[in-house]
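> Here it is: the structure, laid out below.
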Amino acid sequence: MFAGHYAAAFAAKAAEPTTPLWTLVAGCQLIDIGWSVFIAAGIEHGEADPSLPGSTLILSDMPWTHSLPAVIVWSVAAGLLASALLRVSIRSAVLIGAVVFSHWLLDLIVHRPDLELFPNGPKVGLGLWNYPVPEQAVEMGLLAVTGIFWAASRKALGQNAWPAALFMTFLVVLQIVVMFMGPPPGPLGAQMGFSALAAYLLVAMLSLLVDAKRTSLPQASP
Ligand SMILES: [Zn+2]
């Protein structure tokens with residue numbers, strides 16, 4: 001899952017529009033941002049098998065980013081850091097933590113069993129990747145539904161809806177690129193790690209533009 005993860009960011013942004021969008025956009029993929037770095041550094045491991053349906057990834061070893069205890073630690077840490085460093089409200093900090101955790105829940109739906117419940121414990125994953133068409137439909141459906149709420153919340157604040165629509169369109173295009181440009185067969189290495197990282201950071205940087213007017217909203221006149 002790539003684009004579908006951003007649905008959690010849009011839902012949270014609609015629920016609490018004062019939350020900086022980039023924290024939610026980076027947060028919903030924080031686990032994969034860490035994974036990209038760890039794959040590039042050789043700390044976590046996986047390989048690509050182009051004969052597999054849907055995602056071609058076999059994610060055999062990712063205890064530090066995608067095990068349940070690790071994700072809980074990342075989620076709590078993200079909420080605390082956002083609160084301490086960015087001085088976001090408690091509500092925003094809780095939402096940021098929840099958005100980080102949402103990554104694991106959405107991964108649980110699509111991944112083949114590769115998500116450890118605890119160190120050296122059983123691995124879970126419902127395997128929707130094995131059914132590529134319904135899997136894509138779930139991702140696009142999540143984006144569309146949450147995107148409507150996000151665009152509506154922007155409208156309610158007197159902001160334009162089109163930057164949100166453009167951002168979602170960009171995610172869909174990126175999803176198609178990712179689908180057709182999977183990694184070459186064999187072990188995942190630095191190239192995979194760095195290109196994934198670049199994509200996540202690019203999306204996070206674009207979200208800064210979409211959110212640019214956040215602090216200069218027209219105040220309602222009495
Ligand atoms: Zn993931």
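In the structure tokens, each chain is lettered A, B, ... as it comes, each chain's residues begin at 1, and ligands are numbered from 1 in order of appearance.
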Please provide the set of residues having any atom within 10 Å of Lys123 in chain A, restricted to only C-alpha atoms, with same-chain residues fewer than 4 positions apart removed, written as a list in words.

Ser60, Ser67, Leu68, Arg112, Pro113, Asp114, Leu115, Glu116, Leu117, Phe118 and Pro119 of chain A

> Using the selection just defined, write its residues with all heavy atoms as a PDB file, in the first residue's frame.


ATOM      1  N   SER A  60      10.833  -9.969   4.508  1.00  0.00           N
ATOM      2  CA  SER A  60      11.127 -11.067   5.421  1.00  0.00           C
ATOM      3  C   SER A  60      11.622 -10.614   6.783  1.00  0.00           C
ATOM      4  O   SER A  60      11.499 -11.341   7.760  1.00  0.00           O
ATOM      5  CB  SER A  60      12.170 -11.988   4.784  1.00  0.00           C
ATOM      6  OG  SER A  60      13.251 -11.209   4.298  1.00  0.00           O
ATOM      7  N   SER A  67       7.081  -4.346  13.240  1.00  0.00           N
ATOM      8  CA  SER A  67       6.513  -5.232  14.262  1.00  0.00           C
ATOM      9  C   SER A  67       5.553  -4.390  15.096  1.00  0.00           C
ATOM     10  O   SER A  67       5.724  -3.164  15.187  1.00  0.00           O
ATOM     11  CB  SER A  67       7.610  -5.834  15.136  1.00  0.00           C
ATOM     12  OG  SER A  67       8.184  -4.834  15.956  1.00  0.00           O
ATOM     13  N   LEU A  68       4.561  -5.037  15.704  1.00  0.00           N
ATOM     14  CA  LEU A  68       3.552  -4.284  16.466  1.00  0.00           C
ATOM     15  C   LEU A  68       4.176  -3.458  17.589  1.00  0.00           C
ATOM     16  O   LEU A  68       3.877  -2.264  17.716  1.00  0.00           O
ATOM     17  CB  LEU A  68       2.465  -5.246  16.981  1.00  0.00           C
ATOM     18  CG  LEU A  68       1.320  -4.605  17.759  1.00  0.00           C
ATOM     19  CD1 LEU A  68       0.627  -3.514  16.959  1.00  0.00           C
ATOM     20  CD2 LEU A  68       0.306  -5.677  18.183  1.00  0.00           C
ATOM     21  N   ARG A 112       1.100  -9.579   2.806  1.00  0.00           N
ATOM     22  CA  ARG A 112       1.127 -11.009   3.091  1.00  0.00           C
ATOM     23  C   ARG A 112       1.758 -11.127   4.487  1.00  0.00           C
ATOM     24  O   ARG A 112       2.437 -10.199   4.920  1.00  0.00           O
ATOM     25  CB  ARG A 112       1.954 -11.713   2.014  1.00  0.00           C
ATOM     26  CG  ARG A 112       1.258 -11.667   0.636  1.00  0.00           C
ATOM     27  CD  ARG A 112       2.087 -12.278  -0.462  1.00  0.00           C
ATOM     28  NE  ARG A 112       2.953 -11.297  -1.080  1.00  0.00           N
ATOM     29  CZ  ARG A 112       2.634 -10.573  -2.177  1.00  0.00           C
ATOM     30  NH1 ARG A 112       1.476 -10.737  -2.772  1.00  0.00           N
ATOM     31  NH2 ARG A 112       3.486  -9.696  -2.684  1.00  0.00           N
ATOM     32  N   PRO A 113       1.536 -12.269   5.208  1.00  0.00           N
ATOM     33  CA  PRO A 113       1.958 -12.276   6.621  1.00  0.00           C
ATOM     34  C   PRO A 113       3.461 -11.980   6.811  1.00  0.00           C
ATOM     35  O   PRO A 113       4.304 -12.850   6.621  1.00  0.00           O
ATOM     36  CB  PRO A 113       1.609 -13.695   7.084  1.00  0.00           C
ATOM     37  CG  PRO A 113       0.517 -14.113   6.160  1.00  0.00           C
ATOM     38  CD  PRO A 113       0.827 -13.485   4.830  1.00  0.00           C
ATOM     39  N   ASP A 114       3.763 -10.733   7.146  1.00  0.00           N
ATOM     40  CA  ASP A 114       5.153 -10.338   7.373  1.00  0.00           C
ATOM     41  C   ASP A 114       5.278  -9.334   8.526  1.00  0.00           C
ATOM     42  O   ASP A 114       6.332  -8.782   8.772  1.00  0.00           O
ATOM     43  CB  ASP A 114       5.780  -9.760   6.084  1.00  0.00           C
ATOM     44  CG  ASP A 114       4.961  -8.615   5.481  1.00  0.00           C
ATOM     45  OD1 ASP A 114       4.197  -7.968   6.230  1.00  0.00           O
ATOM     46  OD2 ASP A 114       5.085  -8.370   4.276  1.00  0.00           O
ATOM     47  N   LEU A 115       4.150  -9.101   9.238  1.00  0.00           N
ATOM     48  CA  LEU A 115       4.152  -8.123  10.335  1.00  0.00           C
ATOM     49  C   LEU A 115       4.208  -8.878  11.659  1.00  0.00           C
ATOM     50  O   LEU A 115       3.234  -9.538  12.048  1.00  0.00           O
ATOM     51  CB  LEU A 115       2.893  -7.254  10.268  1.00  0.00           C
ATOM     52  CG  LEU A 115       2.648  -6.527   8.934  1.00  0.00           C
ATOM     53  CD1 LEU A 115       1.212  -6.032   8.841  1.00  0.00           C
ATOM     54  CD2 LEU A 115       3.620  -5.365   8.778  1.00  0.00           C
ATOM     55  N   GLU A 116       5.344  -8.765  12.349  1.00  0.00           N
ATOM     56  CA  GLU A 116       5.519  -9.503  13.615  1.00  0.00           C
ATOM     57  C   GLU A 116       4.636  -8.935  14.714  1.00  0.00           C
ATOM     58  O   GLU A 116       4.591  -7.720  14.908  1.00  0.00           O
ATOM     59  CB  GLU A 116       6.975  -9.393  14.073  1.00  0.00           C
ATOM     60  CG  GLU A 116       7.860 -10.499  13.576  1.00  0.00           C
ATOM     61  CD  GLU A 116       9.299 -10.325  14.068  1.00  0.00           C
ATOM     62  OE1 GLU A 116       9.638  -9.263  14.635  1.00  0.00           O
ATOM     63  OE2 GLU A 116      10.076 -11.256  13.864  1.00  0.00           O
ATOM     64  N   LEU A 117       3.975  -9.833  15.467  1.00  0.00           N
ATOM     65  CA  LEU A 117       3.155  -9.377  16.594  1.00  0.00           C
ATOM     66  C   LEU A 117       4.036  -9.030  17.787  1.00  0.00           C
ATOM     67  O   LEU A 117       3.686  -8.196  18.612  1.00  0.00           O
ATOM     68  CB  LEU A 117       2.135 -10.446  16.983  1.00  0.00           C
ATOM     69  CG  LEU A 117       0.917 -10.554  16.051  1.00  0.00           C
ATOM     70  CD1 LEU A 117      -0.024 -11.639  16.536  1.00  0.00           C
ATOM     71  CD2 LEU A 117       0.176  -9.212  15.960  1.00  0.00           C
ATOM     72  N   PHE A 118       5.156  -9.735  17.936  1.00  0.00           N
ATOM     73  CA  PHE A 118       6.167  -9.426  18.958  1.00  0.00           C
ATOM     74  C   PHE A 118       7.469 -10.056  18.483  1.00  0.00           C
ATOM     75  O   PHE A 118       7.446 -10.861  17.542  1.00  0.00           O
ATOM     76  CB  PHE A 118       5.738  -9.938  20.353  1.00  0.00           C
ATOM     77  CG  PHE A 118       5.246 -11.346  20.390  1.00  0.00           C
ATOM     78  CD1 PHE A 118       6.118 -12.420  20.527  1.00  0.00           C
ATOM     79  CD2 PHE A 118       3.884 -11.621  20.275  1.00  0.00           C
ATOM     80  CE1 PHE A 118       5.664 -13.720  20.563  1.00  0.00           C
ATOM     81  CE2 PHE A 118       3.405 -12.928  20.301  1.00  0.00           C
ATOM     82  CZ  PHE A 118       4.308 -13.981  20.454  1.00  0.00           C
ATOM     83  N   PRO A 119       8.621  -9.662  19.089  1.00  0.00           N
ATOM     84  CA  PRO A 119       9.906 -10.155  18.575  1.00  0.00           C
ATOM     85  C   PRO A 119       9.928 -11.681  18.460  1.00  0.00           C
ATOM     86  O   PRO A 119       9.613 -12.385  19.431  1.00  0.00           O
ATOM     87  CB  PRO A 119      10.917  -9.653  19.613  1.00  0.00           C
ATOM     88  CG  PRO A 119      10.270  -8.427  20.187  1.00  0.00           C
ATOM     89  CD  PRO A 119       8.792  -8.712  20.197  1.00  0.00           C
TER      90      PRO A 119
END

> Tell me which protein, DNA and RNA residues are within 12 Å of Leu80 in chain A, counting only C-alpha atoms, leaving out same-chain ones fewer than 2 positions away, and put them as an MDAnalysis selection string.

chainID A and resid 73:78 82:98

> Keeping all heavy atoms, export the residues of the selection given above as a short mmCIF file (atom, residue, chain, number, x, y, z; two decimals), in the first residue's frame.


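Everything below was put into result-v9.cif:
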data_model
loop_
_atom_site.label_atom_id
_atom_site.label_comp_id
_atom_site.auth_asym_id
_atom_site.auth_seq_id
_atom_site.Cartn_x
_atom_site.Cartn_y
_atom_site.Cartn_z
N VAL A 73 5.88 2.09 19.62
CA VAL A 73 6.94 3.01 20.06
C VAL A 73 7.06 4.19 19.10
O VAL A 73 7.11 5.36 19.52
CB VAL A 73 8.30 2.27 20.17
CG1 VAL A 73 9.44 3.26 20.42
CG2 VAL A 73 8.25 1.23 21.29
N TRP A 74 7.07 3.92 17.79
CA TRP A 74 7.16 5.01 16.79
C TRP A 74 5.98 5.97 16.95
O TRP A 74 6.14 7.19 16.86
CB TRP A 74 7.13 4.44 15.36
CG TRP A 74 8.37 3.77 14.88
CD1 TRP A 74 8.79 2.51 15.16
CD2 TRP A 74 9.38 4.31 13.99
NE1 TRP A 74 9.97 2.23 14.51
CE2 TRP A 74 10.35 3.31 13.78
CE3 TRP A 74 9.53 5.53 13.34
CZ2 TRP A 74 11.46 3.49 12.96
CZ3 TRP A 74 10.64 5.72 12.52
CH2 TRP A 74 11.59 4.71 12.34
N SER A 75 4.78 5.42 17.17
CA SER A 75 3.57 6.25 17.25
C SER A 75 3.61 7.17 18.46
O SER A 75 3.34 8.38 18.35
CB SER A 75 2.31 5.37 17.33
OG SER A 75 2.29 4.46 16.26
N VAL A 76 3.95 6.59 19.62
CA VAL A 76 4.00 7.39 20.85
C VAL A 76 5.10 8.44 20.73
O VAL A 76 4.91 9.62 21.06
CB VAL A 76 4.22 6.47 22.08
CG1 VAL A 76 4.46 7.29 23.33
CG2 VAL A 76 3.03 5.53 22.27
N ALA A 77 6.26 8.02 20.19
CA ALA A 77 7.39 8.95 20.05
C ALA A 77 7.02 10.11 19.13
O ALA A 77 7.36 11.27 19.40
CB ALA A 77 8.62 8.21 19.53
N ALA A 78 6.32 9.80 18.04
CA ALA A 78 5.96 10.85 17.08
C ALA A 78 5.03 11.87 17.73
O ALA A 78 5.21 13.09 17.58
CB ALA A 78 5.29 10.24 15.85
N ALA A 82 6.14 15.73 18.38
CA ALA A 82 5.37 16.81 17.77
C ALA A 82 4.92 17.80 18.84
O ALA A 82 4.96 19.02 18.64
CB ALA A 82 4.16 16.25 17.02
N SER A 83 4.54 17.26 19.99
CA SER A 83 4.09 18.11 21.08
C SER A 83 5.25 18.94 21.63
O SER A 83 5.13 20.15 21.85
CB SER A 83 3.48 17.23 22.18
OG SER A 83 3.18 17.99 23.30
N ALA A 84 6.42 18.30 21.80
CA ALA A 84 7.57 18.98 22.41
C ALA A 84 8.23 19.97 21.44
O ALA A 84 8.57 21.09 21.84
CB ALA A 84 8.59 17.95 22.88
N LEU A 85 8.42 19.54 20.20
CA LEU A 85 9.20 20.37 19.26
C LEU A 85 8.35 21.36 18.49
O LEU A 85 8.77 22.47 18.19
CB LEU A 85 9.97 19.48 18.27
CG LEU A 85 10.96 18.49 18.89
CD1 LEU A 85 11.64 17.67 17.81
CD2 LEU A 85 12.00 19.24 19.72
N LEU A 86 7.13 20.94 18.11
CA LEU A 86 6.30 21.81 17.27
C LEU A 86 5.21 22.51 18.06
O LEU A 86 4.47 23.33 17.52
CB LEU A 86 5.66 20.98 16.15
CG LEU A 86 6.63 20.19 15.26
CD1 LEU A 86 5.87 19.28 14.29
CD2 LEU A 86 7.51 21.14 14.48
N ARG A 87 5.11 22.14 19.34
CA ARG A 87 4.12 22.77 20.23
C ARG A 87 2.70 22.65 19.67
O ARG A 87 1.91 23.61 19.76
CB ARG A 87 4.45 24.24 20.46
CG ARG A 87 5.86 24.45 20.95
CD ARG A 87 5.87 24.99 22.37
NE ARG A 87 7.21 24.99 22.93
CZ ARG A 87 7.60 24.17 23.92
NH1 ARG A 87 6.78 23.30 24.44
NH2 ARG A 87 8.82 24.24 24.40
N VAL A 88 2.39 21.51 19.06
CA VAL A 88 1.02 21.31 18.58
C VAL A 88 0.13 21.02 19.79
O VAL A 88 0.63 20.69 20.87
CB VAL A 88 0.93 20.13 17.56
CG1 VAL A 88 1.76 20.41 16.34
CG2 VAL A 88 1.35 18.82 18.20
N SER A 89 -1.19 21.15 19.60
CA SER A 89 -2.12 20.90 20.71
C SER A 89 -2.10 19.41 21.06
O SER A 89 -1.64 18.58 20.27
CB SER A 89 -3.53 21.31 20.28
OG SER A 89 -3.98 20.45 19.24
N ILE A 90 -2.62 19.10 22.25
CA ILE A 90 -2.69 17.70 22.69
C ILE A 90 -3.50 16.91 21.66
O ILE A 90 -3.13 15.79 21.27
CB ILE A 90 -3.39 17.60 24.07
CG1 ILE A 90 -2.64 18.40 25.12
CG2 ILE A 90 -3.57 16.14 24.48
CD1 ILE A 90 -1.44 17.73 25.72
N ARG A 91 -4.60 17.52 21.20
CA ARG A 91 -5.47 16.84 20.23
C ARG A 91 -4.69 16.51 18.95
O ARG A 91 -4.78 15.41 18.42
CB ARG A 91 -6.67 17.76 19.92
CG ARG A 91 -7.70 17.17 18.99
CD ARG A 91 -8.86 18.17 18.86
NE ARG A 91 -9.62 17.97 17.63
CZ ARG A 91 -10.66 17.15 17.52
NH1 ARG A 91 -11.07 16.45 18.55
NH2 ARG A 91 -11.31 17.04 16.37
N SER A 92 -3.90 17.48 18.47
CA SER A 92 -3.10 17.25 17.27
C SER A 92 -2.03 16.18 17.53
O SER A 92 -1.78 15.32 16.67
CB SER A 92 -2.42 18.54 16.82
OG SER A 92 -3.36 19.41 16.26
N ALA A 93 -1.39 16.23 18.71
CA ALA A 93 -0.34 15.25 19.02
C ALA A 93 -0.92 13.83 19.04
O ALA A 93 -0.31 12.89 18.52
CB ALA A 93 0.30 15.58 20.37
N VAL A 94 -2.12 13.70 19.64
CA VAL A 94 -2.77 12.38 19.69
C VAL A 94 -3.11 11.92 18.26
O VAL A 94 -2.90 10.75 17.90
CB VAL A 94 -4.04 12.43 20.57
CG1 VAL A 94 -4.87 11.16 20.43
CG2 VAL A 94 -3.65 12.65 22.03
N LEU A 95 -3.60 12.86 17.45
CA LEU A 95 -3.94 12.52 16.06
C LEU A 95 -2.69 12.09 15.27
O LEU A 95 -2.74 11.14 14.50
CB LEU A 95 -4.61 13.70 15.36
CG LEU A 95 -6.12 13.85 15.59
CD1 LEU A 95 -6.61 15.16 15.03
CD2 LEU A 95 -6.87 12.68 14.95
N ILE A 96 -1.58 12.81 15.49
CA ILE A 96 -0.33 12.46 14.79
C ILE A 96 0.09 11.04 15.18
O ILE A 96 0.42 10.21 14.33
CB ILE A 96 0.78 13.49 15.10
CG1 ILE A 96 0.43 14.84 14.44
CG2 ILE A 96 2.15 12.99 14.61
CD1 ILE A 96 1.28 16.01 14.91
N GLY A 97 0.05 10.73 16.49
CA GLY A 97 0.38 9.38 16.95
C GLY A 97 -0.54 8.34 16.33
O GLY A 97 -0.10 7.27 15.88
N ALA A 98 -1.83 8.65 16.28
CA ALA A 98 -2.82 7.72 15.72
C ALA A 98 -2.58 7.50 14.23
O ALA A 98 -2.73 6.38 13.71
CB ALA A 98 -4.23 8.24 15.97
#

> Enumerate the residues of range 22-62 of chain A with a DSSP assignment of strand (DSSP E or B), computed from the backbone, and present them as a list in words.

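Residues meeting the strand (DSSP E or B) criterion: His45, Gly46, Glu47, Ala48, Leu57, Ile58, Leu59, Ser60 and Asp61 of chain A.
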
> Using only C-alpha atoms and all ligand atoms, determine which residues fall within 6 Å of ligand 1, then list them as a list in words.

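Those residues are Ile31, Asp32 and Asp107 of chain A.
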
> Export, as a compact mmCIF listing (two decimals), in the first residue's frame, the selected residues with all heavy atoms.


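Generated output (part_20.txt):
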# COMPACT_ATOMS: atom_id res chain seq x y z
N ILE A 31 6.56 4.92 9.34
CA ILE A 31 7.07 3.56 9.47
C ILE A 31 7.82 3.15 8.20
O ILE A 31 8.86 2.48 8.26
CB ILE A 31 5.87 2.60 9.72
CG1 ILE A 31 5.10 3.01 10.98
CG2 ILE A 31 6.30 1.15 9.77
CD1 ILE A 31 5.93 3.09 12.22
N ASP A 32 7.31 3.58 7.05
CA ASP A 32 7.97 3.25 5.78
C ASP A 32 9.18 4.16 5.52
O ASP A 32 10.12 3.75 4.83
CB ASP A 32 6.99 3.35 4.61
CG ASP A 32 6.22 2.05 4.41
OD1 ASP A 32 6.35 1.15 5.26
OD2 ASP A 32 5.49 1.95 3.41
N ASP A 107 -1.40 -1.62 6.64
CA ASP A 107 -0.48 -2.66 6.16
C ASP A 107 -1.03 -4.06 6.47
O ASP A 107 -0.89 -4.98 5.68
CB ASP A 107 0.91 -2.50 6.80
CG ASP A 107 1.82 -1.57 5.99
OD1 ASP A 107 1.36 -1.03 4.98
OD2 ASP A 107 3.00 -1.40 6.39

> Considering only C-alpha atoms, state which residue in the set A:Leu143, A:Leu57, A:Val37, A:Leu24 is at the smallest distance from Gly186 in chain A.

A:Leu57

> For CA of Ala11 in chain A and CA of Leu106 in chain A, quote the distance in Å rounded to one decimal.

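Computing the Euclidean distance for CA of Ala11 in chain A and CA of Leu106 in chain A yields 13.9 Å.
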
> Set the distance at 7 Å and use only C-alpha atoms: which residues neighbour His5 in chain A once local chain neighbours fewer than 4 positions away are removed? I'd like the list as a ChimeraX atom specification.

/A:1,28-29,103,106

> CA of Pro163 in chain A and CA of Val210 in chain A, how far apart in Å?

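Atom-to-atom, CA of Val210 in chain A to CA of Pro163 in chain A, that is 5.6 Å.
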
> One number please: CA of Pro187 in chain A to CA of Gly46 in chain A, in Å, one decimal.

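Going from CA of Pro187 in chain A over to CA of Gly46 in chain A covers 5.9 Å.
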
> From a backbone DSSP assignment, name each residue in range 35-185 of chain A labelled helix (DSSP H, G or I), as a ChimeraX atom specification.

/A:35-41,63-66,68-85,90-110,128-130,132-156,162-180

> Identify which of the residues A:Pro185, A:Gly34, A:Gly54, A:Pro20 lies closest to Trp129 in chain A, counting only C-alpha atoms when measuring atom-to-atom distances.

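So, comparing all the options, the nearest one is A:Gly54.
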
> Compare A:Asp211, A:Glu139, A:Asp49, A:Glu16 by their minimum atom-to-atom distance to Ser153 in chain A, counting only C-alpha atoms, and give me the closest one.

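Among A:Asp211, A:Glu139, A:Asp49, A:Glu16, it is A:Glu16 that comes nearest to Ser153 in chain A.
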
> Extract, using only C-alpha atoms, all DNA, RNA and protein residues at most 8 Å from Leu128 in chain A, discarding same-chain residues fewer than 3 positions from it, and format them as number ranges by chain.

A: 109-112, 131-132, 134-135

> Would you output that residue set with all heavy atoms, as a PDB file, in the first residue's frame?


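As a result, result-v4.pdb now contains:
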ATOM      1  N   ILE A 109      -3.977  -5.086   6.454  1.00  0.00           N
ATOM      2  CA  ILE A 109      -4.990  -5.509   5.482  1.00  0.00           C
ATOM      3  C   ILE A 109      -4.335  -6.017   4.197  1.00  0.00           C
ATOM      4  O   ILE A 109      -4.755  -7.040   3.651  1.00  0.00           O
ATOM      5  CB  ILE A 109      -5.935  -4.319   5.155  1.00  0.00           C
ATOM      6  CG1 ILE A 109      -6.696  -3.884   6.408  1.00  0.00           C
ATOM      7  CG2 ILE A 109      -6.910  -4.687   4.031  1.00  0.00           C
ATOM      8  CD1 ILE A 109      -7.467  -2.577   6.228  1.00  0.00           C
ATOM      9  N   VAL A 110      -3.279  -5.365   3.746  1.00  0.00           N
ATOM     10  CA  VAL A 110      -2.758  -5.678   2.411  1.00  0.00           C
ATOM     11  C   VAL A 110      -1.545  -6.609   2.407  1.00  0.00           C
ATOM     12  O   VAL A 110      -1.359  -7.383   1.465  1.00  0.00           O
ATOM     13  CB  VAL A 110      -2.427  -4.393   1.617  1.00  0.00           C
ATOM     14  CG1 VAL A 110      -3.677  -3.559   1.424  1.00  0.00           C
ATOM     15  CG2 VAL A 110      -1.321  -3.580   2.265  1.00  0.00           C
ATOM     16  N   HIS A 111      -0.716  -6.519   3.443  1.00  0.00           N
ATOM     17  CA  HIS A 111       0.526  -7.317   3.415  1.00  0.00           C
ATOM     18  C   HIS A 111       0.234  -8.810   3.471  1.00  0.00           C
ATOM     19  O   HIS A 111      -0.724  -9.239   4.116  1.00  0.00           O
ATOM     20  CB  HIS A 111       1.409  -6.969   4.623  1.00  0.00           C
ATOM     21  CG  HIS A 111       2.238  -5.732   4.436  1.00  0.00           C
ATOM     22  ND1 HIS A 111       3.545  -5.624   4.849  1.00  0.00           N
ATOM     23  CD2 HIS A 111       1.945  -4.529   3.869  1.00  0.00           C
ATOM     24  CE1 HIS A 111       4.020  -4.424   4.548  1.00  0.00           C
ATOM     25  NE2 HIS A 111       3.060  -3.736   3.960  1.00  0.00           N
ATOM     26  N   ARG A 112       1.100  -9.579   2.806  1.00  0.00           N
ATOM     27  CA  ARG A 112       1.127 -11.009   3.091  1.00  0.00           C
ATOM     28  C   ARG A 112       1.758 -11.127   4.487  1.00  0.00           C
ATOM     29  O   ARG A 112       2.437 -10.199   4.920  1.00  0.00           O
ATOM     30  CB  ARG A 112       1.954 -11.713   2.014  1.00  0.00           C
ATOM     31  CG  ARG A 112       1.258 -11.667   0.636  1.00  0.00           C
ATOM     32  CD  ARG A 112       2.087 -12.278  -0.462  1.00  0.00           C
ATOM     33  NE  ARG A 112       2.953 -11.297  -1.080  1.00  0.00           N
ATOM     34  CZ  ARG A 112       2.634 -10.573  -2.177  1.00  0.00           C
ATOM     35  NH1 ARG A 112       1.476 -10.737  -2.772  1.00  0.00           N
ATOM     36  NH2 ARG A 112       3.486  -9.696  -2.684  1.00  0.00           N
ATOM     37  N   TYR A 131      -4.745  -9.915  -4.358  1.00  0.00           N
ATOM     38  CA  TYR A 131      -5.899  -9.588  -5.213  1.00  0.00           C
ATOM     39  C   TYR A 131      -5.749  -8.130  -5.652  1.00  0.00           C
ATOM     40  O   TYR A 131      -6.379  -7.218  -5.083  1.00  0.00           O
ATOM     41  CB  TYR A 131      -7.207  -9.808  -4.438  1.00  0.00           C
ATOM     42  CG  TYR A 131      -7.289 -11.177  -3.820  1.00  0.00           C
ATOM     43  CD1 TYR A 131      -6.860 -11.396  -2.510  1.00  0.00           C
ATOM     44  CD2 TYR A 131      -7.736 -12.273  -4.563  1.00  0.00           C
ATOM     45  CE1 TYR A 131      -6.891 -12.665  -1.946  1.00  0.00           C
ATOM     46  CE2 TYR A 131      -7.769 -13.542  -4.010  1.00  0.00           C
ATOM     47  CZ  TYR A 131      -7.343 -13.727  -2.702  1.00  0.00           C
ATOM     48  OH  TYR A 131      -7.363 -14.984  -2.151  1.00  0.00           O
ATOM     49  N   PRO A 132      -4.906  -7.879  -6.659  1.00  0.00           N
ATOM     50  CA  PRO A 132      -4.488  -6.505  -6.977  1.00  0.00           C
ATOM     51  C   PRO A 132      -5.633  -5.546  -7.286  1.00  0.00           C
ATOM     52  O   PRO A 132      -5.575  -4.380  -6.882  1.00  0.00           O
ATOM     53  CB  PRO A 132      -3.594  -6.676  -8.212  1.00  0.00           C
ATOM     54  CG  PRO A 132      -3.160  -8.100  -8.179  1.00  0.00           C
ATOM     55  CD  PRO A 132      -4.252  -8.869  -7.518  1.00  0.00           C
ATOM     56  N   PRO A 134      -9.038  -5.521  -6.267  1.00  0.00           N
ATOM     57  CA  PRO A 134      -9.698  -5.038  -5.041  1.00  0.00           C
ATOM     58  C   PRO A 134      -8.745  -4.233  -4.157  1.00  0.00           C
ATOM     59  O   PRO A 134      -9.171  -3.266  -3.521  1.00  0.00           O
ATOM     60  CB  PRO A 134     -10.121  -6.328  -4.320  1.00  0.00           C
ATOM     61  CG  PRO A 134     -10.095  -7.393  -5.340  1.00  0.00           C
ATOM     62  CD  PRO A 134      -9.120  -6.983  -6.399  1.00  0.00           C
ATOM     63  N   GLU A 135      -7.468  -4.597  -4.154  1.00  0.00           N
ATOM     64  CA  GLU A 135      -6.506  -3.870  -3.304  1.00  0.00           C
ATOM     65  C   GLU A 135      -6.408  -2.414  -3.745  1.00  0.00           C
ATOM     66  O   GLU A 135      -6.457  -1.494  -2.920  1.00  0.00           O
ATOM     67  CB  GLU A 135      -5.144  -4.555  -3.369  1.00  0.00           C
ATOM     68  CG  GLU A 135      -4.196  -4.165  -2.235  1.00  0.00           C
ATOM     69  CD  GLU A 135      -3.398  -2.900  -2.501  1.00  0.00           C
ATOM     70  OE1 GLU A 135      -3.177  -2.560  -3.691  1.00  0.00           O
ATOM     71  OE2 GLU A 135      -3.013  -2.223  -1.546  1.00  0.00           O
TER      72      GLU A 135
END

> Of the candidates A:Val100, A:Pro69, A:Ala164, A:Ala8, which one gets nearest to Gly121 in chain A if we count only C-alpha atoms?

A:Pro69

> Residues within 8 Å of Pro183 in chain A, please, as number ranges by chain. Count only C-alpha atoms; anything in the same chain fewer than 3 positions from it doesn't count.

A: 48, 188, 192

> My list of candidates is A:Thr18, A:Thr146, A:Ser36, A:Thr23. Which is closest to Val203 in chain A when distances are computed with only C-alpha atoms?

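Closest candidate: A:Thr23.
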
> Excluding same-chain residues fewer than 5 positions from Phe38 in chain A, what lies within 8 Å of it counting only C-alpha atoms, as an mmCIF file with N, CA and C atoms, in the first residue's frame?


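Written file, selection_17.cif:
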data_model
loop_
_atom_site.group_PDB
_atom_site.id
_atom_site.type_symbol
_atom_site.label_atom_id
_atom_site.label_comp_id
_atom_site.auth_asym_id
_atom_site.auth_seq_id
_atom_site.Cartn_x
_atom_site.Cartn_y
_atom_site.Cartn_z
ATOM 1 N N ILE A 43 19.879 -2.793 7.631
ATOM 2 C CA ILE A 43 19.447 -3.184 8.991
ATOM 3 C C ILE A 43 18.206 -4.077 8.902
ATOM 4 N N GLU A 44 17.312 -3.777 7.951
ATOM 5 C CA GLU A 44 16.167 -4.650 7.691
ATOM 6 C C GLU A 44 16.327 -5.203 6.277
ATOM 7 N N GLY A 193 15.869 1.536 -1.147
ATOM 8 C CA GLY A 193 15.692 2.338 0.063
ATOM 9 C C GLY A 193 15.678 3.821 -0.241
#

> Which residue out of A:Ala212, A:Phe167, A:Ala199, A:Leu105 has the minimum interatomic distance to Ala151 in chain A when only C-alpha atoms are used?

A:Phe167
